[in-house]
Amino acid sequence: MTAAPLFDSDSEGRPDFDTVYTRCPACGVVAASSSASYRLTGDGGLDPTFPIELTCWQAGHRYTVTSAAFLPRDAQRVCARPSCGATFACPAQADEVTCPACRLLQPGPFLTPARSDHVRQVRADYADTVRALLHPPGGRP
Ligand SMILES: [Zn+2]
Ligand SMILES: [Zn+2]
């Protein structure tokens with residue numbers, strides 16, 4: 001098997017950020033990001049001199065990386081959606097993966113039961129934070 005590129009590009013050569021995997025420095029979860037801000041070079045590639053700002057989808061953590069932080073996609077998954085079934089590359093240490101064909105978010109190769117508990121806890125903490133913002137303690141019901 002030949003090594004997959006760090007990420008896929010669309011037909012115009014722009015990076016597909018659903019195929020860019022990093023480890024969120026705040027919660028430690030490895031997944032694609034929920035949003036990305038970056039700059040492109042004239043030929044549509046990633047500008048390596050410009051920082052890339054990513055948002056972790058588990059808990060909305062924002063962090064800045066360079067392409068050096070992109071994890072190698074050294075494993076393969078078959079999409080869990082039966083009607084899709086696409087085979088795609090992802091890091092062996094990914095907790096969650098996104099199918100580039102149908103965009104379904106699904107468990108990654110590294111999602112052991114213990115990791116699954118961690119990811120659930122990260123999301124639960126985030127939900128609590130959001131609830132506290134919407135309904136501050138001591139506020140009117
Ligand atoms: Zn995070
Ligand atoms: Zn799929």
# chains A, B, ... in the order shown; residues from 1 in each chain; ligands from 1
$ residues_near_ligand --ligand "ligand 1" --cutoff "9 Å" --atoms "only C-alpha atoms and all ligand atoms" --output "PDB file with C-alpha atoms, in the first residue's frame"
ATOM      1  CA  ARG A  23      -4.852  16.240  17.713  1.00  0.00           C
ATOM      2  CA  CYS A  24      -6.721  18.977  19.575  1.00  0.00           C
ATOM      3  CA  PRO A  25      -4.248  20.346  22.163  1.00  0.00           C
ATOM      4  CA  ALA A  26      -7.069  21.078  24.630  1.00  0.00           C
ATOM      5  CA  CYS A  27      -8.915  17.739  24.747  1.00  0.00           C
ATOM      6  CA  GLY A  28      -6.425  15.438  23.030  1.00  0.00           C
ATOM      7  CA  VAL A  29      -8.991  13.982  20.633  1.00  0.00           C
ATOM      8  CA  VAL A  30      -7.765  13.137  17.130  1.00  0.00           C
ATOM      9  CA  THR A  55     -11.912  24.363  15.582  1.00  0.00           C
ATOM     10  CA  CYS A  56     -12.286  21.062  17.409  1.00  0.00           C
ATOM     11  CA  TRP A  57     -15.791  19.771  16.772  1.00  0.00           C
ATOM     12  CA  GLN A  58     -16.027  17.858  20.051  1.00  0.00           C
ATOM     13  CA  ALA A  59     -15.861  20.962  22.207  1.00  0.00           C
ATOM     14  CA  GLY A  60     -15.277  23.998  20.022  1.00  0.00           C
ATOM     15  CA  HIS A  61     -11.648  24.437  21.068  1.00  0.00           C
ATOM     16  CA  ARG A  62      -9.852  26.768  18.692  1.00  0.00           C
ATOM     17  CA  TYR A  63      -6.177  26.219  18.012  1.00  0.00           C
ATOM     18  CA  VAL A 122     -15.278  15.906  26.469  1.00  0.00           C
TER      19      VAL A 122
END
$ residues_near_ligand --ligand "ligand 2" --cutoff "9 Å" --atoms "only C-alpha atoms and all ligand atoms" --output "list in words"
Val78, Cys79, Ala80, Arg81, Pro82, Ser83, Cys84, Gly85, Ala86, Thr87, Phe88, Thr98, Cys99, Pro100, Ala101, Cys102, Arg103, Leu104 and Leu105 of chain A
$ select_by_dssp --residues "stretch 2-135 of chain A" --states "strand (DSSP E)" --output "VMD selection string"
chain A and resid 22 to 23 30 to 31 33 to 37 52 to 56 62 to 65 75 to 78 87 to 90 96 to 98 105 to 107
$ write_last_selection --atoms "N, CA and C atoms" --output "mmCIF file, in the first residue's frame"
data_model
loop_
_atom_site.group_PDB
_atom_site.id
_atom_site.type_symbol
_atom_site.label_atom_id
_atom_site.label_comp_id
_atom_site.auth_asym_id
_atom_site.auth_seq_id
_atom_site.Cartn_x
_atom_site.Cartn_y
_atom_site.Cartn_z
ATOM 1 N N THR A 22 -5.803 16.292 12.989
ATOM 2 C CA THR A 22 -4.862 16.805 13.986
ATOM 3 C C THR A 22 -5.344 16.358 15.363
ATOM 4 N N ARG A 23 -4.455 16.505 16.343
ATOM 5 C CA ARG A 23 -4.852 16.240 17.713
ATOM 6 C C ARG A 23 -5.159 17.569 18.379
ATOM 7 N N VAL A 30 -8.245 13.085 18.512
ATOM 8 C CA VAL A 30 -7.765 13.137 17.130
ATOM 9 C C VAL A 30 -8.952 12.985 16.194
ATOM 10 N N ALA A 31 -9.175 14.002 15.374
ATOM 11 C CA ALA A 31 -10.295 13.993 14.428
ATOM 12 C C ALA A 31 -10.059 15.104 13.417
ATOM 13 N N SER A 33 -11.436 18.701 11.785
ATOM 14 C CA SER A 33 -11.945 19.862 12.509
ATOM 15 C C SER A 33 -13.343 20.231 12.034
ATOM 16 N N SER A 34 -14.061 20.985 12.867
ATOM 17 C CA SER A 34 -15.394 21.415 12.444
ATOM 18 C C SER A 34 -15.312 22.665 11.591
ATOM 19 N N SER A 35 -14.251 23.455 11.737
ATOM 20 C CA SER A 35 -14.053 24.566 10.820
ATOM 21 C C SER A 35 -12.569 24.880 10.753
ATOM 22 N N ALA A 36 -12.173 25.506 9.658
ATOM 23 C CA ALA A 36 -10.763 25.795 9.441
ATOM 24 C C ALA A 36 -10.622 27.143 8.773
ATOM 25 N N SER A 37 -9.644 27.923 9.234
ATOM 26 C CA SER A 37 -9.337 29.144 8.516
ATOM 27 C C SER A 37 -7.866 29.096 8.125
ATOM 28 N N ILE A 52 -2.703 28.078 10.390
ATOM 29 C CA ILE A 52 -4.013 27.478 10.102
ATOM 30 C C ILE A 52 -4.779 27.409 11.412
ATOM 31 N N GLU A 53 -5.960 27.997 11.438
ATOM 32 C CA GLU A 53 -6.762 27.985 12.657
ATOM 33 C C GLU A 53 -7.868 26.943 12.521
ATOM 34 N N LEU A 54 -7.882 26.012 13.467
ATOM 35 C CA LEU A 54 -8.848 24.919 13.415
ATOM 36 C C LEU A 54 -9.769 24.982 14.623
ATOM 37 N N THR A 55 -10.983 24.473 14.467
ATOM 38 C CA THR A 55 -11.912 24.363 15.582
ATOM 39 C C THR A 55 -12.209 22.896 15.815
ATOM 40 N N CYS A 56 -12.006 22.457 17.052
ATOM 41 C CA CYS A 56 -12.286 21.062 17.409
ATOM 42 C C CYS A 56 -13.792 20.898 17.489
ATOM 43 N N ARG A 62 -10.514 26.199 19.868
ATOM 44 C CA ARG A 62 -9.852 26.768 18.692
ATOM 45 C C ARG A 62 -8.351 26.710 18.906
ATOM 46 N N TYR A 63 -7.630 26.298 17.891
ATOM 47 C CA TYR A 63 -6.177 26.219 18.012
ATOM 48 C C TYR A 63 -5.529 26.442 16.663
ATOM 49 N N THR A 64 -4.266 26.838 16.728
ATOM 50 C CA THR A 64 -3.546 27.214 15.527
ATOM 51 C C THR A 64 -2.411 26.220 15.279
ATOM 52 N N VAL A 65 -2.305 25.770 14.057
ATOM 53 C CA VAL A 65 -1.271 24.796 13.700
ATOM 54 C C VAL A 65 -0.603 25.220 12.386
ATOM 55 N N ALA A 75 -3.796 4.596 7.945
ATOM 56 C CA ALA A 75 -4.748 3.491 8.074
ATOM 57 C C ALA A 75 -5.882 3.706 7.069
ATOM 58 N N GLN A 76 -6.716 2.710 6.944
ATOM 59 C CA GLN A 76 -7.851 2.822 6.030
ATOM 60 C C GLN A 76 -9.120 2.398 6.733
ATOM 61 N N ARG A 77 -10.200 3.067 6.415
ATOM 62 C CA ARG A 77 -11.507 2.713 6.968
ATOM 63 C C ARG A 77 -12.476 2.507 5.826
ATOM 64 N N VAL A 78 -13.452 1.659 6.058
ATOM 65 C CA VAL A 78 -14.573 1.536 5.137
ATOM 66 C C VAL A 78 -15.729 2.265 5.794
ATOM 67 N N THR A 87 -14.036 3.557 0.755
ATOM 68 C CA THR A 87 -12.808 3.294 1.499
ATOM 69 C C THR A 87 -11.991 4.578 1.505
ATOM 70 N N PHE A 88 -11.524 4.971 2.695
ATOM 71 C CA PHE A 88 -10.764 6.218 2.754
ATOM 72 C C PHE A 88 -9.614 6.094 3.739
ATOM 73 N N ALA A 89 -8.639 6.977 3.596
ATOM 74 C CA ALA A 89 -7.449 6.969 4.441
ATOM 75 C C ALA A 89 -7.672 7.839 5.668
ATOM 76 N N CYS A 90 -7.094 7.426 6.800
ATOM 77 C CA CYS A 90 -7.164 8.215 8.033
ATOM 78 C C CYS A 90 -5.998 7.784 8.908
ATOM 79 N N GLU A 96 -12.051 9.788 15.851
ATOM 80 C CA GLU A 96 -13.243 9.936 15.026
ATOM 81 C C GLU A 96 -12.769 10.240 13.613
ATOM 82 N N VAL A 97 -13.476 9.713 12.631
ATOM 83 C CA VAL A 97 -13.110 9.973 11.242
ATOM 84 C C VAL A 97 -14.330 10.480 10.475
ATOM 85 N N THR A 98 -14.057 11.204 9.398
ATOM 86 C CA THR A 98 -15.122 11.717 8.544
ATOM 87 C C THR A 98 -14.979 11.083 7.170
ATOM 88 N N LEU A 105 -19.675 11.363 10.067
ATOM 89 C CA LEU A 105 -18.709 11.293 11.159
ATOM 90 C C LEU A 105 -18.900 9.954 11.854
ATOM 91 N N GLN A 106 -17.823 9.225 12.070
ATOM 92 C CA GLN A 106 -17.948 7.874 12.604
ATOM 93 C C GLN A 106 -16.719 7.515 13.425
ATOM 94 N N PRO A 107 -16.808 6.425 14.219
ATOM 95 C CA PRO A 107 -15.668 6.052 15.059
ATOM 96 C C PRO A 107 -14.429 5.769 14.230
#
$ closest_residue --among "A:Arg14, A:Asp8, A:Val20, A:His135" --to "A:Gly42" --atoms "only C-alpha atoms"
A:Arg14
$ closest_residue --among "A:Glu12, A:Leu134, A:Asp95, A:Tyr38" --to "A:His118" --atoms "only C-alpha atoms"
A:Asp95
$ closest_residue --among "A:Ser116, A:Ala32, A:Phe50, A:Asp43" --to "A:Gly13" --atoms "only C-alpha atoms"
A:Asp43
$ closest_residue --among "A:Ala94, A:Thr66, A:Thr41, A:Arg131" --to "A:Thr19" --atoms "only C-alpha atoms"
A:Ala94
$ select_by_dssp --residues "stretch 24-113 of chain A" --states "helix (DSSP H, G or I)" --output "list in words"
Ser67, Ala68, Ala69 and Pro113 of chain A
